[in-house]
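Okay, work_17.cif is below, mmCIF, C-alpha atoms:
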```
data_my_file
#
loop_
_atom_site.group_PDB
_atom_site.id
_atom_site.type_symbol
_atom_site.label_atom_id
_atom_site.label_comp_id
_atom_site.auth_asym_id
_atom_site.auth_seq_id
_atom_site.Cartn_x
_atom_site.Cartn_y
_atom_site.Cartn_z
ATOM 1 C CA MET A 28 141.166 20.720 110.390
ATOM 2 C CA GLN A 29 143.406 17.703 110.019
ATOM 3 C CA LEU A 30 147.138 17.934 109.578
ATOM 4 C CA THR A 31 148.853 15.840 106.942
ATOM 5 C CA LYS A 32 150.953 12.807 107.793
ATOM 6 C CA GLY A 33 153.977 14.940 106.894
ATOM 7 C CA VAL A 34 153.643 16.678 110.284
ATOM 8 C CA GLU A 35 153.886 13.357 112.121
ATOM 9 C CA GLN A 36 156.832 12.343 109.957
ATOM 10 C CA ALA A 37 158.560 15.676 110.593
ATOM 11 C CA ILE A 38 158.074 15.202 114.338
ATOM 12 C CA CYS A 39 159.639 11.734 114.086
ATOM 13 C CA ILE A 40 162.613 13.216 112.236
ATOM 14 C CA ILE A 41 163.019 15.859 114.935
ATOM 15 C CA VAL A 42 162.924 13.190 117.657
ATOM 16 C CA LEU A 43 165.653 11.282 115.845
ATOM 17 C CA LEU A 44 167.758 14.403 115.362
ATOM 18 C CA ALA A 45 167.196 15.704 118.909
ATOM 19 C CA THR A 46 168.640 12.504 120.352
ATOM 20 C CA GLN A 47 171.344 12.030 117.705
ATOM 21 C CA GLU A 48 174.953 12.533 118.814
ATOM 22 C CA SER A 49 175.932 16.036 117.789
ATOM 23 C CA SER A 50 179.219 14.825 116.306
ATOM 24 C CA ALA A 51 177.539 12.634 113.698
ATOM 25 C CA PRO A 52 174.764 13.813 111.360
ATOM 26 C CA LEU A 53 172.053 11.226 110.891
ATOM 27 C CA ALA A 54 172.248 9.555 107.494
ATOM 28 C CA SER A 55 169.220 10.322 105.358
ATOM 29 C CA ASP A 56 169.030 6.649 104.328
ATOM 30 C CA GLU A 57 168.654 5.711 107.996
ATOM 31 C CA ILE A 58 165.842 8.228 108.467
ATOM 32 C CA SER A 59 164.101 6.943 105.347
ATOM 33 C CA LYS A 60 164.399 3.354 106.561
ATOM 34 C CA ARG A 61 163.113 4.153 110.054
ATOM 35 C CA LEU A 62 160.130 6.121 108.739
ATOM 36 C CA GLY A 63 159.343 3.525 106.100
ATOM 37 C CA VAL A 64 159.179 6.134 103.342
ATOM 38 C CA SER A 65 161.000 6.468 100.061
ATOM 39 C CA PRO A 66 164.258 8.428 100.159
ATOM 40 C CA SER A 67 162.862 10.998 97.731
ATOM 41 C CA TYR A 68 159.749 11.623 99.858
ATOM 42 C CA MET A 69 161.823 11.849 103.032
ATOM 43 C CA LYS A 70 164.079 14.430 101.363
ATOM 44 C CA LYS A 71 161.017 16.585 100.643
ATOM 45 C CA ILE A 72 160.129 16.578 104.327
ATOM 46 C CA ILE A 73 163.702 17.355 105.347
ATOM 47 C CA ARG A 74 163.855 20.151 102.777
ATOM 48 C CA LYS A 75 160.850 21.814 104.421
ATOM 49 C CA LEU A 76 162.541 21.530 107.829
ATOM 50 C CA VAL A 77 165.737 23.029 106.384
ATOM 51 C CA VAL A 78 163.880 25.944 104.771
ATOM 52 C CA GLN A 79 162.146 26.674 108.110
ATOM 53 C CA GLY A 80 165.530 26.670 109.895
ATOM 54 C CA ILE A 81 164.792 23.580 111.971
ATOM 55 C CA ALA A 82 167.317 21.227 110.349
ATOM 56 C CA VAL A 83 170.530 21.435 108.365
ATOM 57 C CA SER A 84 171.670 19.028 105.707
ATOM 58 C CA VAL A 85 175.333 18.119 105.228
ATOM 59 C CA SER A 86 176.393 16.433 101.991
ATOM 60 C CA GLY A 87 179.224 13.959 101.557
ATOM 61 C CA ASN A 88 180.171 10.460 102.693
ATOM 62 C CA ASN A 89 179.751 11.310 106.385
ATOM 63 C CA GLY A 90 176.877 13.673 105.688
ATOM 64 C CA GLY A 91 173.325 13.578 106.815
ATOM 65 C CA VAL A 92 170.898 15.713 108.740
ATOM 66 C CA SER A 93 171.219 17.564 112.060
ATOM 67 C CA LEU A 94 169.101 20.019 113.986
ATOM 68 C CA ALA A 95 169.816 23.658 113.155
ATOM 69 C CA LYS A 96 168.980 24.723 116.707
ATOM 70 C CA PRO A 97 168.428 23.018 120.064
ATOM 71 C CA ALA A 98 165.249 20.995 120.570
ATOM 72 C CA THR A 99 164.382 23.444 123.378
ATOM 73 C CA GLU A 100 163.925 26.120 120.690
ATOM 74 C CA ILE A 101 161.810 24.062 118.280
ATOM 75 C CA THR A 102 158.094 24.439 118.907
ATOM 76 C CA MET A 103 155.255 22.379 117.561
ATOM 77 C CA LEU A 104 154.142 25.562 115.793
ATOM 78 C CA ASP A 105 157.496 25.623 113.967
ATOM 79 C CA VAL A 106 156.981 22.046 112.788
ATOM 80 C CA ILE A 107 153.387 22.558 111.678
ATOM 81 C CA GLU A 108 154.204 25.765 109.821
ATOM 82 C CA ALA A 109 157.193 24.087 108.148
ATOM 83 C CA MET A 110 154.986 21.322 106.814
ATOM 84 C CA GLU A 111 151.604 23.033 106.342
ATOM 85 C CA GLY A 112 152.299 26.753 106.165
ATOM 86 C CA PRO A 113 150.786 29.350 108.477
ATOM 87 C CA ILE A 114 147.844 28.234 110.591
ATOM 88 C CA GLN A 115 144.592 29.467 109.089
ATOM 89 C CA MET A 116 141.587 27.255 109.749
ATOM 90 C CA TYR A 117 138.911 29.187 107.900
ATOM 91 C CA PRO A 118 139.293 29.280 104.110
ATOM 92 C CA ASP A 119 137.146 32.433 103.725
ATOM 93 C CA THR A 120 136.267 32.008 100.079
ATOM 94 C CA GLY A 121 133.581 34.698 100.211
ATOM 95 C CA LEU A 122 130.811 32.138 99.823
ATOM 96 C CA ILE A 123 128.625 33.833 102.438
ATOM 97 C CA SER A 124 128.451 37.034 100.402
ATOM 98 C CA LEU A 125 127.771 35.059 97.256
ATOM 99 C CA ALA A 126 125.087 32.811 98.761
ATOM 100 C CA PHE A 127 123.361 35.470 100.863
ATOM 101 C CA GLN A 128 123.344 38.625 98.839
ATOM 102 C CA ASP A 129 121.441 40.448 101.545
ATOM 103 C CA GLY A 130 124.029 43.160 102.020
ATOM 104 C CA GLN A 131 124.523 44.015 105.663
ATOM 105 C CA TYR A 132 123.499 40.584 107.037
ATOM 106 C CA ALA A 133 125.826 38.664 104.784
ATOM 107 C CA GLN A 134 128.588 41.151 105.564
ATOM 108 C CA LYS A 135 127.983 40.847 109.317
ATOM 109 C CA GLY A 136 127.909 37.046 109.126
ATOM 110 C CA GLN A 137 131.149 36.993 107.185
ATOM 111 C CA GLU A 138 132.823 39.310 109.701
ATOM 112 C CA LEU A 139 131.619 37.202 112.646
ATOM 113 C CA LEU A 140 132.939 33.979 111.149
ATOM 114 C CA ARG A 141 136.279 35.578 110.302
ATOM 115 C CA GLU A 142 136.669 36.806 113.869
ATOM 116 C CA VAL A 143 135.692 33.460 115.421
ATOM 117 C CA PHE A 144 138.208 31.563 113.322
ATOM 118 C CA ASN A 145 140.897 34.239 113.669
ATOM 119 C CA GLN A 146 140.573 33.930 117.449
ATOM 120 C CA GLY A 147 140.765 30.142 117.141
ATOM 121 C CA ASP A 148 143.922 30.527 115.050
ATOM 122 C CA ARG A 149 145.447 32.843 117.657
ATOM 123 C CA LEU A 150 144.688 30.434 120.520
ATOM 124 C CA LEU A 151 146.093 27.480 118.620
ATOM 125 C CA ILE A 152 149.220 29.413 117.657
ATOM 126 C CA GLU A 153 149.734 30.547 121.252
ATOM 127 C CA TYR A 154 149.362 26.985 122.576
ATOM 128 C CA LEU A 155 151.576 25.321 119.952
ATOM 129 C CA SER A 156 154.265 27.978 120.322
ATOM 130 C CA LYS A 157 154.697 26.984 123.982
ATOM 131 C CA MET A 158 155.203 23.267 123.308
ATOM 132 C CA THR A 159 158.823 22.478 122.455
ATOM 133 C CA ALA A 160 160.189 19.270 121.027
ATOM 134 C CA ALA A 161 162.496 18.921 124.042
ATOM 135 C CA ASP A 162 159.633 19.295 126.535
ATOM 136 C CA LEU A 163 157.571 16.632 124.782
ATOM 137 C CA LEU A 164 160.517 14.269 124.465
ATOM 138 C CA LYS A 165 161.467 14.612 128.132
ATOM 139 C CA GLU A 166 157.883 14.040 129.206
ATOM 140 C CA GLY A 167 157.494 11.066 126.883
ATOM 141 C CA LEU A 168 160.723 9.468 128.105
ATOM 142 C CA GLY A 169 160.103 10.393 131.722
ATOM 143 C CA THR A 170 163.464 12.081 132.090
ATOM 144 C CA SER A 171 164.874 15.538 132.655
ATOM 145 C CA LYS A 172 167.736 15.023 130.206
ATOM 146 C CA LEU A 173 167.528 13.877 126.599
ATOM 147 C CA PRO A 174 169.546 10.762 125.821
ATOM 148 C CA THR A 175 172.027 10.902 122.965
ATOM 149 C CA LEU A 176 172.839 8.065 120.653
ATOM 150 C CA ASN A 177 174.002 7.370 117.154
ATOM 151 C CA TRP A 178 170.870 6.298 115.284
ATOM 152 C CA ASN A 179 173.147 5.166 112.469
ATOM 153 C CA GLN A 180 174.301 2.357 114.764
ATOM 154 C CA GLU A 181 171.902 1.909 117.689
ATOM 155 C CA THR A 182 168.314 2.347 118.799
ATOM 156 C CA LEU A 183 166.669 4.274 121.599
ATOM 157 C CA SER A 184 165.847 0.966 123.282
ATOM 158 C CA ASP A 185 169.563 0.144 123.350
ATOM 159 C CA VAL A 186 170.268 3.364 125.230
ATOM 160 C CA LEU A 187 167.237 3.129 127.501
ATOM 161 C CA ASP A 188 168.085 -0.453 128.402
ATOM 162 C CA LYS A 189 171.598 0.680 129.371
ATOM 163 C CA GLY A 190 170.071 2.912 131.958
ATOM 164 C CA LEU A 191 168.367 6.114 130.986
ATOM 165 C CA ASP A 192 167.594 6.465 134.698
ATOM 166 C CA ASP A 193 171.289 7.139 135.277
ATOM 167 C CA ALA A 194 171.045 10.150 132.969
ATOM 168 C CA LYS A 195 168.290 11.767 135.080
#
```

Show me, as structure tokens, the structure contained in the file I just sent.
Amino acid sequence: MQLTKGVEQAICIIVLLATQESSAPLASDEISKRLGVSPSYMKKIIRKLVVQGIAVSVSGNNGGVSLAKPATEITMLDVIEAMEGPIQMYPDTGLISLAFQDGQYAQKGQELLREVFNQGDRLLIEYLSKMTAADLLKEGLGTSKLPTLNWNQETLSDVLDKGLDDAK
């Protein structure tokens, strides 16, 4: 199973929004520019995040995008399901029954495969539901507190260079 690049792009959007000053939504043009994607494609990604309840979109001159809930409540499972739908690795098209019309053996094989992949799905869901955006960001930045900045005007490097260590 390979996730689409939309998952990586959604994660980047969440990183931007998680560190964005809460008083200023992040302009969608700025997100589009930073991700290097067309504004229309970026809006499709944001729309999926909005529908899943991860982000909110505010229209108007000072509008943009913000997180709908704290980064501590956004799991990697939330992001993947927003972009890809529910996790289900095995397509289960019924091919085993079609190819091996042996009755009980084909049935048993199909049941075994379903159970193996259902268990894999459950394990993956359990693992991804424990990993929050905030946890990953803090670990990646080596800090216990997320920095805040206005991505419309500055970069993470600007803030880190000013002394992220002071924020610890």

- Message: the PyMOL selection byres ((chain A and resi 37) around 8) - which residues does that actually catch in the file I just gave you? List them as a ChimeraX atom specification.
- Response: /A:33-36,38-41,72-73,76,106,110

- Item | Test item: the PyMOL selection byres ((chain A and resi 174) around 6) resolved as a ChimeraX atom specification | /A:46,173,175

- Query: Which residue gives the smallest distance to Gly136 in chain A among A:Gly121, A:Gly90, A:Pro97, A:Gly167, with all atoms listed in the file counted?
  - Reply: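 Of the candidates, the smallest distance to Gly136 in chain A is held by A:Gly121.
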
- Message: Report as number ranges by chain all protein, DNA and RNA residues lying within 10 Å of Val77 in chain A, evaluated on all atoms listed in the file, omitting residues in the same chain fewer than 3 positions from it.
- Response: A: 71-74, 80-84, 92-95, 109

- Taking the file as shown, find all residues satisfying the PyMOL selection byres ((chain A and resi 54) around 10) and write them as a VMD selection string. chain A and resid 51 to 53 55 to 59 84 to 86 88 to 93 178 to 179

- Have a look at A:Leu62, A:Val186, A:Ala98, A:Leu151 and name the one nearest to Pro113 in chain A; count all atoms listed in the file.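 Checking each candidate against Pro113 in chain A, we get A:Leu151 as the closest.
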
- Item | CA of Tyr132 in chain A to CA of Gln146 in chain A, distance in Å rounded to a single decimal |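 Interatomic distance, CA of Tyr132 in chain A to CA of Gln146 in chain A: 21.1 Å.
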
- Distance CA of Gln79 in chain A-CA of Val42 in chain A, one decimal place?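 Rounded to one decimal, the two atoms are 16.5 Å apart.
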
Got a sec to write range 142-173 of chain A of the block to a file, N, CA and C atoms, as a PDB file, in the first residue's frame?
```
ATOM      1  N   GLU A 142      -9.111 -12.047   7.166  1.00  0.00           N
ATOM      2  CA  GLU A 142      -8.749 -11.875   8.574  1.00  0.00           C
ATOM      3  C   GLU A 142      -7.330 -11.328   8.731  1.00  0.00           C
ATOM      4  N   VAL A 143      -6.397 -11.826   7.940  1.00  0.00           N
ATOM      5  CA  VAL A 143      -5.016 -11.327   8.007  1.00  0.00           C
ATOM      6  C   VAL A 143      -4.984  -9.830   7.720  1.00  0.00           C
ATOM      7  N   PHE A 144      -5.630  -9.422   6.652  1.00  0.00           N
ATOM      8  CA  PHE A 144      -5.596  -8.004   6.288  1.00  0.00           C
ATOM      9  C   PHE A 144      -6.463  -7.150   7.202  1.00  0.00           C
ATOM     10  N   ASN A 145      -7.549  -7.695   7.726  1.00  0.00           N
ATOM     11  CA  ASN A 145      -8.342  -6.943   8.706  1.00  0.00           C
ATOM     12  C   ASN A 145      -7.526  -6.684   9.962  1.00  0.00           C
ATOM     13  N   GLN A 146      -6.763  -7.679  10.405  1.00  0.00           N
ATOM     14  CA  GLN A 146      -5.893  -7.493  11.568  1.00  0.00           C
ATOM     15  C   GLN A 146      -4.813  -6.466  11.257  1.00  0.00           C
ATOM     16  N   GLY A 147      -4.237  -6.520  10.078  1.00  0.00           N
ATOM     17  CA  GLY A 147      -3.255  -5.511   9.672  1.00  0.00           C
ATOM     18  C   GLY A 147      -3.859  -4.113   9.690  1.00  0.00           C
ATOM     19  N   ASP A 148      -5.075  -3.991   9.181  1.00  0.00           N
ATOM     20  CA  ASP A 148      -5.778  -2.700   9.209  1.00  0.00           C
ATOM     21  C   ASP A 148      -5.943  -2.211  10.643  1.00  0.00           C
ATOM     22  N   ARG A 149      -6.378  -3.119  11.520  1.00  0.00           N
ATOM     23  CA  ARG A 149      -6.600  -2.735  12.926  1.00  0.00           C
ATOM     24  C   ARG A 149      -5.313  -2.257  13.587  1.00  0.00           C
ATOM     25  N   LEU A 150      -4.211  -2.966  13.353  1.00  0.00           N
ATOM     26  CA  LEU A 150      -2.921  -2.578  13.936  1.00  0.00           C
ATOM     27  C   LEU A 150      -2.458  -1.220  13.409  1.00  0.00           C
ATOM     28  N   LEU A 151      -2.607  -1.023  12.123  1.00  0.00           N
ATOM     29  CA  LEU A 151      -2.213   0.246  11.522  1.00  0.00           C
ATOM     30  C   LEU A 151      -3.068   1.395  12.053  1.00  0.00           C
ATOM     31  N   ILE A 152      -4.355   1.169  12.148  1.00  0.00           N
ATOM     32  CA  ILE A 152      -5.272   2.182  12.676  1.00  0.00           C
ATOM     33  C   ILE A 152      -4.916   2.510  14.124  1.00  0.00           C
ATOM     34  N   GLU A 153      -4.669   1.490  14.919  1.00  0.00           N
ATOM     35  CA  GLU A 153      -4.305   1.709  16.326  1.00  0.00           C
ATOM     36  C   GLU A 153      -3.026   2.549  16.426  1.00  0.00           C
ATOM     37  N   TYR A 154      -2.025   2.198  15.650  1.00  0.00           N
ATOM     38  CA  TYR A 154      -0.739   2.913  15.681  1.00  0.00           C
ATOM     39  C   TYR A 154      -0.904   4.366  15.219  1.00  0.00           C
ATOM     40  N   LEU A 155      -1.544   4.569  14.080  1.00  0.00           N
ATOM     41  CA  LEU A 155      -1.686   5.920  13.531  1.00  0.00           C
ATOM     42  C   LEU A 155      -2.597   6.803  14.380  1.00  0.00           C
ATOM     43  N   SER A 156      -3.510   6.192  15.118  1.00  0.00           N
ATOM     44  CA  SER A 156      -4.405   6.986  15.960  1.00  0.00           C
ATOM     45  C   SER A 156      -3.703   7.500  17.210  1.00  0.00           C
ATOM     46  N   LYS A 157      -2.530   6.980  17.516  1.00  0.00           N
ATOM     47  CA  LYS A 157      -1.759   7.434  18.674  1.00  0.00           C
ATOM     48  C   LYS A 157      -0.765   8.542  18.323  1.00  0.00           C
ATOM     49  N   MET A 158      -0.488   8.724  17.056  1.00  0.00           N
ATOM     50  CA  MET A 158       0.516   9.697  16.617  1.00  0.00           C
ATOM     51  C   MET A 158      -0.167  11.009  16.269  1.00  0.00           C
ATOM     52  N   THR A 159       0.044  12.039  17.092  1.00  0.00           N
ATOM     53  CA  THR A 159      -0.584  13.332  16.803  1.00  0.00           C
ATOM     54  C   THR A 159       0.373  14.244  16.051  1.00  0.00           C
ATOM     55  N   ALA A 160      -0.207  15.202  15.380  1.00  0.00           N
ATOM     56  CA  ALA A 160       0.594  16.191  14.650  1.00  0.00           C
ATOM     57  C   ALA A 160       1.492  16.953  15.617  1.00  0.00           C
ATOM     58  N   ALA A 161       0.967  17.303  16.785  1.00  0.00           N
ATOM     59  CA  ALA A 161       1.758  18.049  17.769  1.00  0.00           C
ATOM     60  C   ALA A 161       2.951  17.229  18.257  1.00  0.00           C
ATOM     61  N   ASP A 162       2.735  15.953  18.546  1.00  0.00           N
ATOM     62  CA  ASP A 162       3.829  15.094  19.007  1.00  0.00           C
ATOM     63  C   ASP A 162       4.945  15.030  17.969  1.00  0.00           C
ATOM     64  N   LEU A 163       4.568  14.826  16.719  1.00  0.00           N
ATOM     65  CA  LEU A 163       5.571  14.729  15.652  1.00  0.00           C
ATOM     66  C   LEU A 163       6.303  16.050  15.442  1.00  0.00           C
ATOM     67  N   LEU A 164       5.562  17.142  15.501  1.00  0.00           N
ATOM     68  CA  LEU A 164       6.192  18.455  15.339  1.00  0.00           C
ATOM     69  C   LEU A 164       7.176  18.741  16.469  1.00  0.00           C
ATOM     70  N   LYS A 165       6.768  18.488  17.698  1.00  0.00           N
ATOM     71  CA  LYS A 165       7.652  18.727  18.840  1.00  0.00           C
ATOM     72  C   LYS A 165       8.911  17.875  18.743  1.00  0.00           C
ATOM     73  N   GLU A 166       8.735  16.617  18.369  1.00  0.00           N
ATOM     74  CA  GLU A 166       9.895  15.740  18.234  1.00  0.00           C
ATOM     75  C   GLU A 166      10.804  16.215  17.101  1.00  0.00           C
ATOM     76  N   GLY A 167      10.202  16.589  15.986  1.00  0.00           N
ATOM     77  CA  GLY A 167      10.990  17.049  14.845  1.00  0.00           C
ATOM     78  C   GLY A 167      11.752  18.336  15.121  1.00  0.00           C
ATOM     79  N   LEU A 168      11.148  19.223  15.908  1.00  0.00           N
ATOM     80  CA  LEU A 168      11.792  20.495  16.241  1.00  0.00           C
ATOM     81  C   LEU A 168      12.659  20.397  17.491  1.00  0.00           C
ATOM     82  N   GLY A 169      12.537  19.301  18.211  1.00  0.00           N
ATOM     83  CA  GLY A 169      13.313  19.125  19.425  1.00  0.00           C
ATOM     84  C   GLY A 169      12.901  20.086  20.525  1.00  0.00           C
ATOM     85  N   THR A 170      11.605  20.287  20.666  1.00  0.00           N
ATOM     86  CA  THR A 170      11.101  21.237  21.645  1.00  0.00           C
ATOM     87  C   THR A 170       9.856  20.678  22.321  1.00  0.00           C
ATOM     88  N   SER A 171       9.528  21.227  23.477  1.00  0.00           N
ATOM     89  CA  SER A 171       8.316  20.786  24.155  1.00  0.00           C
ATOM     90  C   SER A 171       7.142  21.715  23.876  1.00  0.00           C
ATOM     91  N   LYS A 172       7.414  22.816  23.215  1.00  0.00           N
ATOM     92  CA  LYS A 172       6.376  23.801  22.890  1.00  0.00           C
ATOM     93  C   LYS A 172       6.466  24.159  21.409  1.00  0.00           C
ATOM     94  N   LEU A 173       5.309  24.195  20.754  1.00  0.00           N
ATOM     95  CA  LEU A 173       5.308  24.550  19.331  1.00  0.00           C
ATOM     96  C   LEU A 173       5.524  26.052  19.165  1.00  0.00           C
TER      97      LEU A 173
END
```
